[in-house]
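Worksheet for the structure shown next.
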Amino acid sequence: MSKIYIIMGKSASGKDTIFKRLLEYKELELKTVVMYTTRPIRVSEQEGVEYYFVDETRLDELKKQNKVIEHRTYNTIHGKWHYFTVDDGQIDLNKSDYIMLGTLQSYGQIREYFGRDRVIPIYIEVEDGIRLMRALRREQIQKEPKYAELCRRFLADDEDFSQENIEAYEINKRYENIDIDICLKEIVDDIKRRKNIL
């Protein structure tokens, strides 16, 4: 039975890097799903790779067509930023396993849409001080660093990824990303076990 693996964790926990590295393991045969966002594109990003970058008008059109699988809105200092997954033909659980980036909220909505047995959480954890240093280094290389947004998101993560919320979504396993190679090996081994390819 095919699965959707949802990579999640607080900002600067290494989700994006782990996501990209997992795709390098060809034996896992994981396909990606490109999500949509209304936030501005970052210097290091490409349209259709990290996200499809759209405006709120396009989001409203997709909602009217009942194409939105999951949707989150963040009230940032730059206005509302929307992140969402669209039923646009990218996902076919009769053919493939998938890997996606998400949040607890999106994980819950995708699990509700496809079923609990088809959606598997991969929760990445990093100590807050290390995360803050990583986030600052990442923001410093942006053309227009948004330090206030970095701080807002860092504080919001404490609420969004509270112990209570993690337990509410029945996430029991956590992957500590201090050494990315060790973290990746643990995740890869777990996916292989689910796919019976150990």
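Please note that chains go A, B, ... in the order of the structure tokens, that every chain numbers its residues from 1, and that ligands are numbered from 1 in the order shown.
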
Using only C-alpha atoms, find each residue in stretch 1-100 of chain A having at least one atom no more than 12 Å away from stretch 168-173 of chain A; report its shortest atom-to-atom pair and that distance in Å (one decimal), rows by chain then rising number, as CSV.
```
residue,atom,partner,partner_atom,distance
A:Ile6,CA,A:Ile171,CA,11.5
A:Ile7,CA,A:Ile171,CA,11.9
A:Met8,CA,A:Ile171,CA,10.8
A:Gly9,CA,A:Ile171,CA,11.5
```

Mind running stretch 57-112 of chain A against stretch 142-160 of chain A at 9 Å and telling me each contacting residue's nearest atom pair with the distance in Å (one decimal), counting only C-alpha atoms, chain and number ascending, as a tab-separated table?
```
residue	atom	partner	partner_atom	distance
A:Thr76	CA	A:Glu149	CA	6.5
A:Ile77	CA	A:Glu149	CA	6.3
A:His78	CA	A:Glu149	CA	8.0
A:Thr103	CA	A:Asp160	CA	8.5
A:Leu104	CA	A:Asp160	CA	7.7
A:Gln105	CA	A:Asp160	CA	8.6
```

- Message: as JSON, numbers by chain, please: every residue in stretch 20-188 of chain A that a backbone DSSP assignment puts in strand (DSSP E).
- Response: {"A": [30, 31, 32, 35, 36, 37, 51, 52, 53, 68, 69, 70, 71, 72, 73, 74, 75, 76, 79, 80, 81, 82, 83, 84, 85, 86, 97, 98, 99, 100, 101, 119, 120, 121, 122, 123, 124, 125, 174, 175, 176]}

Deliver the residues from the most recent selection as a file, using C-alpha atoms, as an mmCIF file, in the first residue's frame.
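Saved result, out-v4.cif, follows:
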```cif
data_model
loop_
_atom_site.group_PDB
_atom_site.id
_atom_site.type_symbol
_atom_site.label_atom_id
_atom_site.label_comp_id
_atom_site.auth_asym_id
_atom_site.auth_seq_id
_atom_site.Cartn_x
_atom_site.Cartn_y
_atom_site.Cartn_z
ATOM 1 C CA LEU A 30 9.713 8.549 -3.450
ATOM 2 C CA LYS A 31 7.911 11.070 -5.617
ATOM 3 C CA THR A 32 7.445 14.690 -4.661
ATOM 4 C CA MET A 35 2.869 22.670 -2.841
ATOM 5 C CA TYR A 36 1.585 26.175 -3.460
ATOM 6 C CA THR A 37 2.222 29.426 -1.589
ATOM 7 C CA TYR A 51 6.612 25.710 -4.409
ATOM 8 C CA TYR A 52 4.273 27.050 -7.044
ATOM 9 C CA PHE A 53 4.183 30.762 -6.221
ATOM 10 C CA VAL A 68 -7.493 22.384 -2.207
ATOM 11 C CA ILE A 69 -6.509 19.320 -0.105
ATOM 12 C CA GLU A 70 -5.049 21.305 2.795
ATOM 13 C CA HIS A 71 -4.537 25.006 3.495
ATOM 14 C CA ARG A 72 -2.728 27.078 6.138
ATOM 15 C CA THR A 73 -2.583 30.842 6.581
ATOM 16 C CA TYR A 74 0.114 32.738 8.477
ATOM 17 C CA ASN A 75 -0.351 36.342 9.590
ATOM 18 C CA THR A 76 3.140 37.715 9.002
ATOM 19 C CA GLY A 79 0.639 40.342 5.435
ATOM 20 C CA LYS A 80 -1.081 36.968 5.095
ATOM 21 C CA TRP A 81 0.951 34.156 3.555
ATOM 22 C CA HIS A 82 -0.949 31.059 2.396
ATOM 23 C CA TYR A 83 0.503 27.563 1.975
ATOM 24 C CA PHE A 84 -1.601 24.797 0.438
ATOM 25 C CA THR A 85 -1.681 21.486 -1.411
ATOM 26 C CA VAL A 86 -3.789 21.112 -4.530
ATOM 27 C CA ASP A 97 4.898 6.622 -2.551
ATOM 28 C CA TYR A 98 5.293 10.348 -1.947
ATOM 29 C CA ILE A 99 7.259 12.683 0.289
ATOM 30 C CA MET A 100 6.053 16.155 1.242
ATOM 31 C CA LEU A 101 6.960 19.017 3.556
ATOM 32 C CA VAL A 119 -0.074 9.250 5.648
ATOM 33 C CA ILE A 120 3.081 8.847 7.777
ATOM 34 C CA PRO A 121 4.609 11.660 9.908
ATOM 35 C CA ILE A 122 8.373 12.277 9.985
ATOM 36 C CA TYR A 123 8.892 14.825 12.765
ATOM 37 C CA ILE A 124 12.319 16.538 12.848
ATOM 38 C CA GLU A 125 13.566 17.998 16.128
ATOM 39 C CA ARG A 174 10.862 12.058 16.593
ATOM 40 C CA TYR A 175 14.078 12.320 14.590
ATOM 41 C CA GLU A 176 16.770 14.475 16.189
#
```

- Could you pull out the alpha helix (DSSP H) residues of chain A from DSSP and send them as a VMD selection string? chain A and resid 15 to 23 56 to 64 104 to 114 128 to 140 147 to 160 163 to 168 180 to 195

Would you output that residue set with C-alpha atoms, as a PDB file, in the first residue's frame?
```pdb
ATOM      1  CA  LYS A  15      13.365  19.888   7.012  1.00  0.00           C
ATOM      2  CA  ASP A  16      14.195  21.187   3.539  1.00  0.00           C
ATOM      3  CA  THR A  17      17.680  19.663   3.515  1.00  0.00           C
ATOM      4  CA  ILE A  18      16.418  16.304   4.796  1.00  0.00           C
ATOM      5  CA  PHE A  19      13.626  16.359   2.221  1.00  0.00           C
ATOM      6  CA  LYS A  20      16.111  16.938  -0.625  1.00  0.00           C
ATOM      7  CA  ARG A  21      18.562  14.347   0.675  1.00  0.00           C
ATOM      8  CA  LEU A  22      15.839  11.681   0.969  1.00  0.00           C
ATOM      9  CA  LEU A  23      15.077  12.134  -2.718  1.00  0.00           C
ATOM     10  CA  GLU A  56      -4.624  34.960  -3.521  1.00  0.00           C
ATOM     11  CA  THR A  57      -6.854  35.201  -6.597  1.00  0.00           C
ATOM     12  CA  ARG A  58      -5.525  31.845  -7.826  1.00  0.00           C
ATOM     13  CA  LEU A  59      -6.029  30.324  -4.360  1.00  0.00           C
ATOM     14  CA  ASP A  60      -9.657  31.474  -4.372  1.00  0.00           C
ATOM     15  CA  GLU A  61     -10.179  29.947  -7.836  1.00  0.00           C
ATOM     16  CA  LEU A  62      -8.793  26.585  -6.683  1.00  0.00           C
ATOM     17  CA  LYS A  63     -10.985  26.627  -3.565  1.00  0.00           C
ATOM     18  CA  LYS A  64     -14.076  27.247  -5.692  1.00  0.00           C
ATOM     19  CA  LEU A 104       1.060  19.469  12.067  1.00  0.00           C
ATOM     20  CA  GLN A 105      -2.028  21.160  10.652  1.00  0.00           C
ATOM     21  CA  SER A 106      -1.321  20.139   7.058  1.00  0.00           C
ATOM     22  CA  TYR A 107      -0.393  16.619   8.170  1.00  0.00           C
ATOM     23  CA  GLY A 108      -3.781  16.345   9.890  1.00  0.00           C
ATOM     24  CA  GLN A 109      -5.696  17.596   6.852  1.00  0.00           C
ATOM     25  CA  ILE A 110      -3.797  15.352   4.411  1.00  0.00           C
ATOM     26  CA  ARG A 111      -4.301  12.374   6.749  1.00  0.00           C
ATOM     27  CA  GLU A 112      -8.012  13.133   6.862  1.00  0.00           C
ATOM     28  CA  TYR A 113      -8.159  13.424   3.062  1.00  0.00           C
ATOM     29  CA  PHE A 114      -6.247  10.225   2.215  1.00  0.00           C
ATOM     30  CA  ASP A 128      16.012  25.829  19.972  1.00  0.00           C
ATOM     31  CA  GLY A 129      19.389  27.576  20.267  1.00  0.00           C
ATOM     32  CA  ILE A 130      20.806  25.641  17.320  1.00  0.00           C
ATOM     33  CA  ARG A 131      17.673  26.356  15.274  1.00  0.00           C
ATOM     34  CA  LEU A 132      17.899  30.084  15.959  1.00  0.00           C
ATOM     35  CA  MET A 133      21.530  30.235  14.815  1.00  0.00           C
ATOM     36  CA  ARG A 134      20.689  28.284  11.658  1.00  0.00           C
ATOM     37  CA  ALA A 135      17.725  30.557  10.899  1.00  0.00           C
ATOM     38  CA  LEU A 136      19.815  33.709  11.334  1.00  0.00           C
ATOM     39  CA  ARG A 137      22.551  32.433   9.001  1.00  0.00           C
ATOM     40  CA  ARG A 138      19.931  31.548   6.373  1.00  0.00           C
ATOM     41  CA  GLU A 139      18.261  34.957   6.589  1.00  0.00           C
ATOM     42  CA  GLN A 140      21.567  36.842   6.322  1.00  0.00           C
ATOM     43  CA  TYR A 147      14.605  39.437  10.656  1.00  0.00           C
ATOM     44  CA  ALA A 148      11.326  40.475  12.263  1.00  0.00           C
ATOM     45  CA  GLU A 149       9.533  37.675  10.398  1.00  0.00           C
ATOM     46  CA  LEU A 150      12.241  35.233  11.492  1.00  0.00           C
ATOM     47  CA  CYS A 151      11.562  36.163  15.133  1.00  0.00           C
ATOM     48  CA  ARG A 152       7.781  35.964  14.700  1.00  0.00           C
ATOM     49  CA  ARG A 153       8.028  32.533  13.126  1.00  0.00           C
ATOM     50  CA  PHE A 154      10.452  31.274  15.761  1.00  0.00           C
ATOM     51  CA  LEU A 155       8.050  32.245  18.561  1.00  0.00           C
ATOM     52  CA  ALA A 156       4.986  30.962  16.679  1.00  0.00           C
ATOM     53  CA  ASP A 157       6.649  27.551  16.324  1.00  0.00           C
ATOM     54  CA  ASP A 158       6.616  27.099  20.102  1.00  0.00           C
ATOM     55  CA  GLU A 159       2.838  27.316  20.022  1.00  0.00           C
ATOM     56  CA  ASP A 160       2.254  25.458  16.745  1.00  0.00           C
ATOM     57  CA  GLN A 163       3.941  19.056  23.132  1.00  0.00           C
ATOM     58  CA  GLU A 164       0.154  19.086  23.450  1.00  0.00           C
ATOM     59  CA  ASN A 165      -0.316  19.563  19.697  1.00  0.00           C
ATOM     60  CA  ILE A 166       2.230  16.875  18.829  1.00  0.00           C
ATOM     61  CA  GLU A 167       0.403  14.421  21.087  1.00  0.00           C
ATOM     62  CA  ALA A 168      -2.989  15.466  19.662  1.00  0.00           C
ATOM     63  CA  ILE A 180      22.159  15.135   9.577  1.00  0.00           C
ATOM     64  CA  ASP A 181      23.763  11.881   8.374  1.00  0.00           C
ATOM     65  CA  ILE A 182      22.690  10.001  11.500  1.00  0.00           C
ATOM     66  CA  CYS A 183      19.203  11.543  11.304  1.00  0.00           C
ATOM     67  CA  LEU A 184      18.863  10.592   7.629  1.00  0.00           C
ATOM     68  CA  LYS A 185      19.978   7.022   8.223  1.00  0.00           C
ATOM     69  CA  GLU A 186      17.302   6.562  10.881  1.00  0.00           C
ATOM     70  CA  ILE A 187      14.593   7.978   8.602  1.00  0.00           C
ATOM     71  CA  VAL A 188      15.740   5.940   5.577  1.00  0.00           C
ATOM     72  CA  ASP A 189      15.826   2.731   7.630  1.00  0.00           C
ATOM     73  CA  ASP A 190      12.283   3.372   8.881  1.00  0.00           C
ATOM     74  CA  ILE A 191      10.960   4.035   5.363  1.00  0.00           C
ATOM     75  CA  LYS A 192      12.690   0.893   4.083  1.00  0.00           C
ATOM     76  CA  ARG A 193      11.054  -1.140   6.831  1.00  0.00           C
ATOM     77  CA  ARG A 194       7.638   0.164   5.789  1.00  0.00           C
ATOM     78  CA  LYS A 195       8.400  -0.658   2.166  1.00  0.00           C
TER      79      LYS A 195
END
```

- Closest of A:Met1, A:Thr38, A:Asp88, A:Ile178 to A:Gly115 - atom-to-atom distances counting only C-alpha atoms: A:Met1

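Ranking A:Asp87, A:Glu50, A:Glu24, A:Glu127 by their shortest atom-to-atom distance to A:Lys67, with only C-alpha atoms included, puts A:Asp87 first.
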
- Separation of atom CA of A:Glu29 from atom CA of A:Ile91 in Å: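 Answer for the atom CA of A:Ile91 to atom CA of A:Glu29 separation: 13.9 Å.
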
- Query: If you measure from atom CA of A:Gln46 to atom CA of A:Leu93, what distance in Å do you get, rounded to one decimal?
  - Reply: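 Between atom CA of A:Gln46 and atom CA of A:Leu93 the gap is 26.3 Å.
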